$ cat protein-v2.pdb   # PDB, C-alpha atoms
ATOM      1  CA  MET R   1       9.816  17.213 -37.427  1.00  0.00           C
ATOM      2  CA  ALA R   2       7.001  15.042 -36.062  1.00  0.00           C
ATOM      3  CA  ILE R   3       5.444  16.643 -32.987  1.00  0.00           C
ATOM      4  CA  LYS R   4       3.247  14.119 -31.172  1.00  0.00           C
ATOM      5  CA  LEU R   5       0.094  15.567 -29.642  1.00  0.00           C
ATOM      6  CA  LYS R   6      -1.054  13.456 -26.715  1.00  0.00           C
ATOM      7  CA  SER R   7      -4.526  11.956 -26.289  1.00  0.00           C
ATOM      8  CA  PRO R   8      -6.441  12.322 -22.999  1.00  0.00           C
ATOM      9  CA  TRP R   9      -5.476   8.739 -22.092  1.00  0.00           C
ATOM     10  CA  GLU R  10      -1.788   9.415 -22.777  1.00  0.00           C
ATOM     11  CA  ILE R  11      -1.934  12.638 -20.766  1.00  0.00           C
ATOM     12  CA  GLU R  12      -3.261  10.752 -17.730  1.00  0.00           C
ATOM     13  CA  ARG R  13      -0.347   8.314 -17.942  1.00  0.00           C
ATOM     14  CA  MET R  14       2.074  11.253 -18.151  1.00  0.00           C
ATOM     15  CA  ARG R  15       0.475  12.898 -15.123  1.00  0.00           C
ATOM     16  CA  GLU R  16       1.099   9.671 -13.216  1.00  0.00           C
ATOM     17  CA  ALA R  17       4.732   9.523 -14.383  1.00  0.00           C
ATOM     18  CA  GLY R  18       5.261  13.179 -13.482  1.00  0.00           C
ATOM     19  CA  ALA R  19       3.832  12.754  -9.984  1.00  0.00           C
ATOM     20  CA  LEU R  20       6.118   9.794  -9.327  1.00  0.00           C
ATOM     21  CA  LEU R  21       9.175  11.640 -10.603  1.00  0.00           C
ATOM     22  CA  THR R  22       8.389  14.613  -8.373  1.00  0.00           C
ATOM     23  CA  GLU R  23       8.425  12.261  -5.377  1.00  0.00           C
ATOM     24  CA  VAL R  24      11.807  10.895  -6.468  1.00  0.00           C
ATOM     25  CA  VAL R  25      13.335  14.363  -6.753  1.00  0.00           C
ATOM     26  CA  GLU R  26      11.970  15.283  -3.323  1.00  0.00           C
ATOM     27  CA  GLU R  27      13.579  12.159  -1.881  1.00  0.00           C
ATOM     28  CA  VAL R  28      16.949  13.003  -3.452  1.00  0.00           C
ATOM     29  CA  ALA R  29      16.659  16.624  -2.262  1.00  0.00           C
ATOM     30  CA  ARG R  30      16.322  15.498   1.361  1.00  0.00           C
ATOM     31  CA  HIS R  31      19.793  13.936   1.155  1.00  0.00           C
ATOM     32  CA  VAL R  32      21.692  16.826  -0.455  1.00  0.00           C
ATOM     33  CA  GLU R  33      24.160  18.046   2.175  1.00  0.00           C
ATOM     34  CA  PRO R  34      27.904  18.436   2.693  1.00  0.00           C
ATOM     35  CA  GLY R  35      29.644  15.075   2.902  1.00  0.00           C
ATOM     36  CA  VAL R  36      27.225  13.090   0.758  1.00  0.00           C
ATOM     37  CA  SER R  37      28.484  11.845  -2.593  1.00  0.00           C
ATOM     38  CA  THR R  38      26.626  12.109  -5.855  1.00  0.00           C
ATOM     39  CA  TRP R  39      27.127   8.335  -6.164  1.00  0.00           C
ATOM     40  CA  GLU R  40      25.034   7.917  -3.003  1.00  0.00           C
ATOM     41  CA  LEU R  41      22.366  10.256  -4.407  1.00  0.00           C
ATOM     42  CA  ASP R  42      22.300   8.201  -7.590  1.00  0.00           C
ATOM     43  CA  ARG R  43      21.689   5.030  -5.575  1.00  0.00           C
ATOM     44  CA  ILE R  44      18.870   6.741  -3.665  1.00  0.00           C
ATOM     45  CA  ALA R  45      17.243   7.852  -6.926  1.00  0.00           C
ATOM     46  CA  TYR R  46      17.548   4.417  -8.517  1.00  0.00           C
ATOM     47  CA  GLU R  47      15.936   2.717  -5.540  1.00  0.00           C
ATOM     48  CA  ALA R  48      13.191   5.353  -5.328  1.00  0.00           C
ATOM     49  CA  ILE R  49      12.313   4.896  -8.998  1.00  0.00           C
ATOM     50  CA  ARG R  50      12.282   1.115  -8.828  1.00  0.00           C
ATOM     51  CA  LYS R  51      10.178   1.182  -5.645  1.00  0.00           C
ATOM     52  CA  ARG R  52       7.526   3.037  -7.671  1.00  0.00           C
ATOM     53  CA  LYS R  53       7.539   0.298 -10.332  1.00  0.00           C
ATOM     54  CA  ALA R  54       9.108   2.669 -12.850  1.00  0.00           C
ATOM     55  CA  LYS R  55      12.468   2.521 -14.596  1.00  0.00           C
ATOM     56  CA  PRO R  56      15.241   5.133 -14.854  1.00  0.00           C
ATOM     57  CA  ALA R  57      15.036   6.904 -18.190  1.00  0.00           C
ATOM     58  CA  PHE R  58      18.681   7.995 -18.316  1.00  0.00           C
ATOM     59  CA  LEU R  59      20.433   4.790 -17.238  1.00  0.00           C
ATOM     60  CA  GLY R  60      21.890   3.378 -20.461  1.00  0.00           C
ATOM     61  CA  LEU R  61      20.376   6.119 -22.630  1.00  0.00           C
ATOM     62  CA  TYR R  62      22.935   6.769 -25.400  1.00  0.00           C
ATOM     63  CA  GLY R  63      25.320   4.871 -23.097  1.00  0.00           C
ATOM     64  CA  PHE R  64      24.945   7.139 -20.030  1.00  0.00           C
ATOM     65  CA  PRO R  65      26.128   5.138 -16.991  1.00  0.00           C
ATOM     66  CA  ALA R  66      23.830   6.398 -14.207  1.00  0.00           C
ATOM     67  CA  THR R  67      20.281   7.173 -13.086  1.00  0.00           C
ATOM     68  CA  LEU R  68      21.018  10.834 -12.281  1.00  0.00           C
ATOM     69  CA  CYS R  69      22.925  13.524 -14.079  1.00  0.00           C
ATOM     70  CA  THR R  70      24.734  15.217 -11.164  1.00  0.00           C
ATOM     71  CA  SER R  71      26.376  18.479 -12.214  1.00  0.00           C
ATOM     72  CA  VAL R  72      28.450  20.319  -9.604  1.00  0.00           C
ATOM     73  CA  ASN R  73      29.355  24.024  -9.692  1.00  0.00           C
ATOM     74  CA  GLU R  74      30.598  24.876 -13.211  1.00  0.00           C
ATOM     75  CA  VAL R  75      29.116  21.715 -14.763  1.00  0.00           C
ATOM     76  CA  VAL R  76      26.005  22.609 -16.757  1.00  0.00           C
ATOM     77  CA  VAL R  77      24.571  19.153 -17.496  1.00  0.00           C
ATOM     78  CA  HIS R  78      25.398  15.446 -17.822  1.00  0.00           C
ATOM     79  CA  GLY R  79      27.732  15.201 -14.840  1.00  0.00           C
ATOM     80  CA  ILE R  80      28.406  11.558 -13.944  1.00  0.00           C
ATOM     81  CA  PRO R  81      27.886  10.608 -10.278  1.00  0.00           C
ATOM     82  CA  SER R  82      31.090  10.041  -8.314  1.00  0.00           C
ATOM     83  CA  LYS R  83      32.172   9.005  -4.806  1.00  0.00           C
ATOM     84  CA  GLU R  84      33.723  12.416  -4.096  1.00  0.00           C
ATOM     85  CA  PRO R  85      31.822  14.088  -1.236  1.00  0.00           C
ATOM     86  CA  LEU R  86      29.983  17.340  -1.854  1.00  0.00           C
ATOM     87  CA  LYS R  87      31.397  20.333   0.003  1.00  0.00           C
ATOM     88  CA  GLU R  88      29.798  23.213   1.857  1.00  0.00           C
ATOM     89  CA  GLY R  89      29.183  25.988  -0.671  1.00  0.00           C
ATOM     90  CA  ASP R  90      28.860  23.755  -3.731  1.00  0.00           C
ATOM     91  CA  ILE R  91      25.787  23.907  -5.909  1.00  0.00           C
ATOM     92  CA  LEU R  92      24.422  20.692  -7.399  1.00  0.00           C
ATOM     93  CA  SER R  93      22.179  20.326 -10.439  1.00  0.00           C
ATOM     94  CA  VAL R  94      20.231  17.058 -10.462  1.00  0.00           C
ATOM     95  CA  ASP R  95      18.563  15.998 -13.716  1.00  0.00           C
ATOM     96  CA  VAL R  96      16.500  12.810 -13.727  1.00  0.00           C
ATOM     97  CA  GLY R  97      13.877  11.055 -15.807  1.00  0.00           C
ATOM     98  CA  LEU R  98      11.754   7.966 -15.378  1.00  0.00           C
ATOM     99  CA  ILE R  99       9.459   5.816 -17.493  1.00  0.00           C
ATOM    100  CA  TYR R 100       6.202   4.571 -16.010  1.00  0.00           C
ATOM    101  CA  GLN R 101       3.763   2.373 -17.897  1.00  0.00           C
ATOM    102  CA  GLY R 102       5.428   3.348 -21.162  1.00  0.00           C
ATOM    103  CA  PHE R 103       5.516   7.133 -20.615  1.00  0.00           C
ATOM    104  CA  ALA R 104       8.377   9.411 -19.629  1.00  0.00           C
ATOM    105  CA  ALA R 105       8.774  12.399 -17.344  1.00  0.00           C
ATOM    106  CA  ASP R 106      11.844  14.636 -17.019  1.00  0.00           C
ATOM    107  CA  MET R 107      12.799  17.070 -14.256  1.00  0.00           C
ATOM    108  CA  ALA R 108      15.837  19.017 -12.983  1.00  0.00           C
ATOM    109  CA  ARG R 109      16.656  21.214 -10.016  1.00  0.00           C
ATOM    110  CA  THR R 110      19.751  22.979  -8.712  1.00  0.00           C
ATOM    111  CA  PHE R 111      20.332  22.697  -4.957  1.00  0.00           C
ATOM    112  CA  PRO R 112      22.633  24.609  -2.629  1.00  0.00           C
ATOM    113  CA  VAL R 113      24.920  22.359  -0.604  1.00  0.00           C
ATOM    114  CA  GLY R 114      24.832  23.872   2.847  1.00  0.00           C
ATOM    115  CA  ARG R 115      25.394  27.623   2.864  1.00  0.00           C
ATOM    116  CA  VAL R 116      26.332  29.058  -0.536  1.00  0.00           C
ATOM    117  CA  SER R 117      27.474  32.457  -1.790  1.00  0.00           C
ATOM    118  CA  PRO R 118      24.954  35.225  -2.513  1.00  0.00           C
ATOM    119  CA  GLU R 119      25.781  35.025  -6.228  1.00  0.00           C
ATOM    120  CA  ALA R 120      25.083  31.284  -6.227  1.00  0.00           C
ATOM    121  CA  GLU R 121      21.761  31.878  -4.452  1.00  0.00           C
ATOM    122  CA  ARG R 122      20.800  34.484  -7.047  1.00  0.00           C
ATOM    123  CA  LEU R 123      21.771  32.207  -9.913  1.00  0.00           C
ATOM    124  CA  ILE R 124      19.590  29.370  -8.586  1.00  0.00           C
ATOM    125  CA  ARG R 125      16.672  31.720  -7.947  1.00  0.00           C
ATOM    126  CA  ASP R 126      16.914  33.486 -11.307  1.00  0.00           C
ATOM    127  CA  THR R 127      17.193  30.224 -13.234  1.00  0.00           C
ATOM    128  CA  GLU R 128      13.873  29.130 -11.735  1.00  0.00           C
ATOM    129  CA  ALA R 129      12.398  32.584 -12.437  1.00  0.00           C
ATOM    130  CA  ALA R 130      13.447  32.255 -16.089  1.00  0.00           C
ATOM    131  CA  PHE R 131      11.456  29.026 -16.314  1.00  0.00           C
ATOM    132  CA  TRP R 132       8.321  30.854 -15.196  1.00  0.00           C
ATOM    133  CA  GLU R 133       8.975  33.649 -17.711  1.00  0.00           C
ATOM    134  CA  GLY R 134       8.987  31.035 -20.469  1.00  0.00           C
ATOM    135  CA  MET R 135       5.873  29.346 -19.073  1.00  0.00           C
ATOM    136  CA  LYS R 136       3.869  32.516 -19.724  1.00  0.00           C
ATOM    137  CA  TYR R 137       4.106  31.780 -23.453  1.00  0.00           C
ATOM    138  CA  LEU R 138       3.478  28.018 -23.396  1.00  0.00           C
ATOM    139  CA  ARG R 139      -0.092  28.447 -24.571  1.00  0.00           C
ATOM    140  CA  PRO R 140      -1.934  28.332 -27.884  1.00  0.00           C
ATOM    141  CA  GLY R 141      -1.406  31.466 -29.957  1.00  0.00           C
ATOM    142  CA  PHE R 142       2.343  31.628 -29.389  1.00  0.00           C
ATOM    143  CA  ARG R 143       5.357  29.902 -30.928  1.00  0.00           C
ATOM    144  CA  LEU R 144       8.376  28.283 -29.318  1.00  0.00           C
ATOM    145  CA  GLY R 145      10.478  31.269 -30.368  1.00  0.00           C
ATOM    146  CA  ASP R 146       8.336  33.387 -28.037  1.00  0.00           C
ATOM    147  CA  VAL R 147       9.117  31.050 -25.150  1.00  0.00           C
ATOM    148  CA  GLY R 148      12.851  31.069 -25.806  1.00  0.00           C
ATOM    149  CA  HIS R 149      12.913  34.823 -26.284  1.00  0.00           C
ATOM    150  CA  ALA R 150      11.231  35.395 -22.918  1.00  0.00           C
ATOM    151  CA  ILE R 151      13.794  33.199 -21.134  1.00  0.00           C
ATOM    152  CA  GLN R 152      16.759  34.708 -22.984  1.00  0.00           C
ATOM    153  CA  THR R 153      15.671  38.304 -22.404  1.00  0.00           C
ATOM    154  CA  PHE R 154      15.100  37.758 -18.698  1.00  0.00           C
ATOM    155  CA  LEU R 155      18.484  36.104 -18.145  1.00  0.00           C
ATOM    156  CA  GLU R 156      20.653  38.292 -20.359  1.00  0.00           C
ATOM    157  CA  SER R 157      19.203  41.437 -18.775  1.00  0.00           C
ATOM    158  CA  ARG R 158      20.741  40.169 -15.521  1.00  0.00           C
ATOM    159  CA  GLY R 159      24.142  39.429 -17.053  1.00  0.00           C
ATOM    160  CA  TYR R 160      23.899  35.650 -17.177  1.00  0.00           C
ATOM    161  CA  GLY R 161      24.929  33.329 -19.976  1.00  0.00           C
ATOM    162  CA  VAL R 162      22.171  31.381 -21.734  1.00  0.00           C
ATOM    163  CA  VAL R 163      23.398  27.919 -22.694  1.00  0.00           C
ATOM    164  CA  ARG R 164      22.904  27.335 -26.415  1.00  0.00           C
ATOM    165  CA  GLU R 165      24.631  23.972 -26.762  1.00  0.00           C
ATOM    166  CA  PHE R 166      21.742  22.162 -25.039  1.00  0.00           C
ATOM    167  CA  VAL R 167      17.990  22.751 -25.265  1.00  0.00           C
ATOM    168  CA  GLY R 168      14.671  21.434 -23.986  1.00  0.00           C
ATOM    169  CA  HIS R 169      12.590  18.939 -25.938  1.00  0.00           C
ATOM    170  CA  GLY R 170       9.346  17.082 -26.318  1.00  0.00           C
ATOM    171  CA  VAL R 171       8.566  14.249 -23.902  1.00  0.00           C
ATOM    172  CA  GLY R 172       6.165  11.341 -24.253  1.00  0.00           C
ATOM    173  CA  ARG R 173       6.650   7.669 -24.968  1.00  0.00           C
ATOM    174  CA  GLU R 174      10.321   8.636 -25.387  1.00  0.00           C
ATOM    175  CA  ILE R 175      12.309  10.822 -23.023  1.00  0.00           C
ATOM    176  CA  HIS R 176      13.472  12.902 -26.018  1.00  0.00           C
ATOM    177  CA  GLU R 177      10.950  13.744 -28.753  1.00  0.00           C
ATOM    178  CA  ASP R 178      10.369  16.601 -31.168  1.00  0.00           C
ATOM    179  CA  PRO R 179      10.321  19.544 -30.978  1.00  0.00           C
ATOM    180  CA  GLN R 180      13.481  21.113 -29.627  1.00  0.00           C
ATOM    181  CA  VAL R 181      12.715  23.820 -27.053  1.00  0.00           C
ATOM    182  CA  PRO R 182      15.576  26.363 -26.974  1.00  0.00           C
ATOM    183  CA  ASN R 183      16.057  28.839 -24.140  1.00  0.00           C
ATOM    184  CA  PHE R 184      16.699  31.570 -26.716  1.00  0.00           C
ATOM    185  CA  GLY R 185      14.921  32.687 -29.851  1.00  0.00           C
ATOM    186  CA  LYS R 186      13.076  35.307 -31.836  1.00  0.00           C
ATOM    187  CA  PRO R 187       9.440  36.158 -31.196  1.00  0.00           C
ATOM    188  CA  GLY R 188       7.001  34.782 -33.747  1.00  0.00           C
ATOM    189  CA  THR R 189       9.321  32.005 -34.929  1.00  0.00           C
ATOM    190  CA  GLY R 190       9.419  28.259 -34.437  1.00  0.00           C
ATOM    191  CA  PRO R 191       6.650  25.671 -34.205  1.00  0.00           C
ATOM    192  CA  LYS R 192       3.193  26.779 -33.113  1.00  0.00           C
ATOM    193  CA  ILE R 193       2.258  25.831 -29.569  1.00  0.00           C
ATOM    194  CA  ARG R 194      -0.738  23.501 -29.637  1.00  0.00           C
ATOM    195  CA  PRO R 195      -2.871  21.731 -27.025  1.00  0.00           C
ATOM    196  CA  GLY R 196      -1.634  18.211 -26.406  1.00  0.00           C
ATOM    197  CA  MET R 197       2.052  19.092 -26.605  1.00  0.00           C
ATOM    198  CA  THR R 198       4.135  17.761 -23.703  1.00  0.00           C
ATOM    199  CA  LEU R 199       7.451  19.537 -23.390  1.00  0.00           C
ATOM    200  CA  ALA R 200      10.509  19.633 -21.153  1.00  0.00           C
ATOM    201  CA  LEU R 201      11.120  23.338 -20.534  1.00  0.00           C
ATOM    202  CA  GLU R 202      14.567  23.647 -18.973  1.00  0.00           C
ATOM    203  CA  PRO R 203      16.593  26.851 -18.670  1.00  0.00           C
ATOM    204  CA  MET R 204      20.318  26.090 -18.371  1.00  0.00           C
ATOM    205  CA  VAL R 205      22.202  29.158 -17.184  1.00  0.00           C
ATOM    206  CA  THR R 206      25.780  30.185 -16.436  1.00  0.00           C
ATOM    207  CA  LEU R 207      26.804  32.884 -14.000  1.00  0.00           C
ATOM    208  CA  ARG R 208      29.006  34.438 -16.662  1.00  0.00           C
ATOM    209  CA  PRO R 209      28.567  33.926 -20.412  1.00  0.00           C
ATOM    210  CA  ALA R 210      30.949  31.199 -21.564  1.00  0.00           C
ATOM    211  CA  PRO R 211      31.127  28.403 -24.130  1.00  0.00           C
ATOM    212  CA  VAL R 212      30.297  24.927 -22.859  1.00  0.00           C
ATOM    213  CA  VAL R 213      33.039  22.322 -23.277  1.00  0.00           C
ATOM    214  CA  ILE R 214      32.604  18.537 -23.102  1.00  0.00           C
ATOM    215  CA  LEU R 215      35.233  16.941 -20.868  1.00  0.00           C
ATOM    216  CA  ASP R 216      37.245  13.828 -21.604  1.00  0.00           C
ATOM    217  CA  ASP R 217      34.616  11.448 -20.209  1.00  0.00           C
ATOM    218  CA  GLY R 218      32.455  12.365 -23.213  1.00  0.00           C
ATOM    219  CA  TRP R 219      29.541  13.528 -21.042  1.00  0.00           C
ATOM    220  CA  THR R 220      30.405  16.258 -18.537  1.00  0.00           C
ATOM    221  CA  ALA R 221      29.521  19.674 -20.005  1.00  0.00           C
ATOM    222  CA  SER R 222      31.502  22.425 -18.257  1.00  0.00           C
ATOM    223  CA  ALA R 223      31.200  26.207 -18.392  1.00  0.00           C
ATOM    224  CA  GLY R 224      34.798  26.570 -17.177  1.00  0.00           C
ATOM    225  CA  ARG R 225      36.522  26.562 -13.805  1.00  0.00           C
ATOM    226  CA  GLY R 226      35.411  29.420 -11.584  1.00  0.00           C
ATOM    227  CA  ASN R 227      32.067  29.779 -13.327  1.00  0.00           C
ATOM    228  CA  LEU R 228      28.775  28.419 -11.966  1.00  0.00           C
ATOM    229  CA  ALA R 229      25.824  26.818 -13.748  1.00  0.00           C
ATOM    230  CA  ALA R 230      22.216  26.135 -12.796  1.00  0.00           C
ATOM    231  CA  HIS R 231      19.378  24.108 -14.325  1.00  0.00           C
ATOM    232  CA  TYR R 232      15.609  24.121 -13.722  1.00  0.00           C
ATOM    233  CA  GLU R 233      13.293  21.778 -15.615  1.00  0.00           C
ATOM    234  CA  ASN R 234       9.736  20.533 -15.563  1.00  0.00           C
ATOM    235  CA  THR R 235       7.665  18.440 -17.927  1.00  0.00           C
ATOM    236  CA  VAL R 236       4.767  20.650 -19.045  1.00  0.00           C
ATOM    237  CA  LEU R 237       1.473  19.918 -20.806  1.00  0.00           C
ATOM    238  CA  VAL R 238      -0.054  22.537 -23.109  1.00  0.00           C
ATOM    239  CA  THR R 239      -3.844  22.788 -22.762  1.00  0.00           C
ATOM    240  CA  GLU R 240      -6.442  25.065 -24.349  1.00  0.00           C
ATOM    241  CA  GLU R 241      -6.284  27.171 -21.176  1.00  0.00           C
ATOM    242  CA  GLY R 242      -2.486  27.285 -20.963  1.00  0.00           C
ATOM    243  CA  PRO R 243       0.371  25.277 -19.448  1.00  0.00           C
ATOM    244  CA  GLU R 244      -0.026  22.579 -16.797  1.00  0.00           C
ATOM    245  CA  LEU R 245       2.921  21.286 -14.789  1.00  0.00           C
ATOM    246  CA  LEU R 246       3.292  17.511 -14.908  1.00  0.00           C
ATOM    247  CA  THR R 247       6.301  17.603 -12.555  1.00  0.00           C
ATOM    248  CA  GLY R 248       7.383  19.938  -9.811  1.00  0.00           C
ATOM    249  CA  VAL R 249       6.499  21.120  -6.355  1.00  0.00           C
ATOM    250  CA  ALA R 250       8.107  23.513  -3.874  1.00  0.00           C
ATOM    251  CA  LEU R 251      11.091  21.635  -2.419  1.00  0.00           C
ATOM    252  CA  ALA R 252      12.066  21.762   1.230  1.00  0.00           C
ATOM    253  CA  TRP R 253      15.176  23.941   0.863  1.00  0.00           C
ATOM    254  CA  ALA R 254      13.162  26.705  -0.888  1.00  0.00           C
ATOM    255  CA  GLU R 255      10.331  26.899   1.675  1.00  0.00           C
TER
END
$ encode --input "protein-v2.pdb" --output "structure tokens"
Amino acid sequence: MAIKLKSPWEIERMREAGALLTEVVEEVARHVEPGVSTWELDRIAYEAIRKRKAKPAFLGLYGFPATLCTSVNEVVVHGIPSKEPLKEGDILSVDVGLIYQGFAADMARTFPVGRVSPEAERLIRDTEAAFWEGMKYLRPGFRLGDVGHAIQTFLESRGYGVVREFVGHGVGREIHEDPQVPNFGKPGTGPKIRPGMTLALEPMVTLRPAPVVILDDGWTASAGRGNLAAHYENTVLVTEEGPELLTGVALAWAE
């Protein structure tokens, strides 16, 4: 494992990439409503990224065919945009990355589509809360197992399933770098957290514990019909004083 600690110059470039990506996610969020298709959202994201003189990080990555991962209801991650309209009561996870001046940023949010059920609202809210539980330990003196344990404990105490098939990761000149950042773990285990690390911390959560299955398209990761899944991700810098968000602001639907 080769964990790349970032220089001050590299960190400034990543701050710039993260700020641009946050703007892109805000722009997509403004269009999430019943009747819109995830294909339309993908087009909006592509144009927003290109307008900022950046390039989509996911388009073509490992053969993925789109700018956004758009995961509806029981889909955990890697949903492919389609022309099927979103419906009132759906929940939509949007995962997107960009590369700006040679540096990547990665971010995900789950949005309600119109009015959703109370259990869907709780799932979205608790998935974000789990992110902040993990953030408490993204500081020197802890290990990545401490971060994962905090997320896992918070979610499992509320009856949710913690996705184990997919994990967070380092981010930098590549969208995926070492180390892996699981949302589960044992305290005191895993790589030491050091200043200069830039990590994608991203709880992926299912309403009910269930295995994740890859569908026939080779991408869509489903927790099973009738289940729900949510995803919350930011790119985070570790400093001597603790974690610093490189992506992420309060979005309009949560105000």
$ resolve_selection --input "protein-v2.pdb" --expression "the PyMOL selection byres ((chain R and resi 103) around 8)" --output "MDAnalysis selection string"
chainID R and resid 10 13:14 17 99:102 104:105 172:174
$ closest_residue --input "protein-v2.pdb" --among "R:Lys83, R:Arg122, R:Lys186, R:Arg50" --to "Thr67 (chain R)" --atoms "only C-alpha atoms"
R:Arg50
$ closest_residue --input "protein-v2.pdb" --among "R:Val205, R:Met135, R:Leu5, R:Val28" --to "Ala230 (chain R)" --atoms "only C-alpha atoms"
R:Val205
$ resolve_selection --input "protein-v2.pdb" --expression "the PyMOL selection byres ((chain R and resi 149) around 7)" --output "PyMOL selection string"
chain R and resi 145-148+150-153+184-187
$ resolve_selection --input "protein-v2.pdb" --expression "the PyMOL selection byres ((chain R and resi 22) around 8)" --output "PDB file with C-alpha atoms, in the coordinates of the input"
ATOM      1  CA  GLY R  18       5.261  13.179 -13.482  1.00  0.00           C
ATOM      2  CA  ALA R  19       3.832  12.754  -9.984  1.00  0.00           C
ATOM      3  CA  LEU R  20       6.118   9.794  -9.327  1.00  0.00           C
ATOM      4  CA  LEU R  21       9.175  11.640 -10.603  1.00  0.00           C
ATOM      5  CA  GLU R  23       8.425  12.261  -5.377  1.00  0.00           C
ATOM      6  CA  VAL R  24      11.807  10.895  -6.468  1.00  0.00           C
ATOM      7  CA  VAL R  25      13.335  14.363  -6.753  1.00  0.00           C
ATOM      8  CA  GLU R  26      11.970  15.283  -3.323  1.00  0.00           C
ATOM      9  CA  MET R 107      12.799  17.070 -14.256  1.00  0.00           C
ATOM     10  CA  THR R 247       6.301  17.603 -12.555  1.00  0.00           C
ATOM     11  CA  GLY R 248       7.383  19.938  -9.811  1.00  0.00           C
ATOM     12  CA  VAL R 249       6.499  21.120  -6.355  1.00  0.00           C
TER      13      VAL R 249
END
$ closest_residue --input "protein-v2.pdb" --among "R:Pro195, R:Pro203, R:Pro56, R:Gly170" --to "Leu98 (chain R)" --atoms "all atoms listed in the file"
R:Pro56
$ atom_distance --input "protein-v2.pdb" --atom1 "CA of Ser71 (chain R)" --atom2 "CA of Ser93 (chain R)"
4.9 Å
$ residues_around --input "protein-v2.pdb" --residues "His231 (chain R)" --least-positions-apart "3" --cutoff "8 Å" --atoms "all atoms listed in the file" --output "list of chain:residue names"
R:Val76, R:Val77, R:Ser93, R:Ala108, R:Arg109, R:Thr110, R:Ile124, R:Thr127, R:Glu128, R:Glu202, R:Pro203, R:Met204, R:Val205
$ atom_distance --input "protein-v2.pdb" --atom1 "CA of Val72 (chain R)" --atom2 "CA of Arg115 (chain R)"
14.8 Å
$ residues_around --input "protein-v2.pdb" --residues "Thr220 (chain R)" --least-positions-apart "6" --cutoff "7 Å" --atoms "all atoms listed in the file" --output "list in words"
Val75, Val77, His78, Gly79, Ile80 and Ile214 of chain R
$ closest_residue --input "protein-v2.pdb" --among "R:His169, R:Lys53, R:Asp126, R:Tyr62" --to "Ser157 (chain R)" --atoms "only C-alpha atoms"
R:Asp126
$ closest_residue --input "protein-v2.pdb" --among "R:Leu215, R:Leu86, R:Val167, R:Ile44" --to "Glu233 (chain R)" --atoms "only C-alpha atoms"
R:Val167
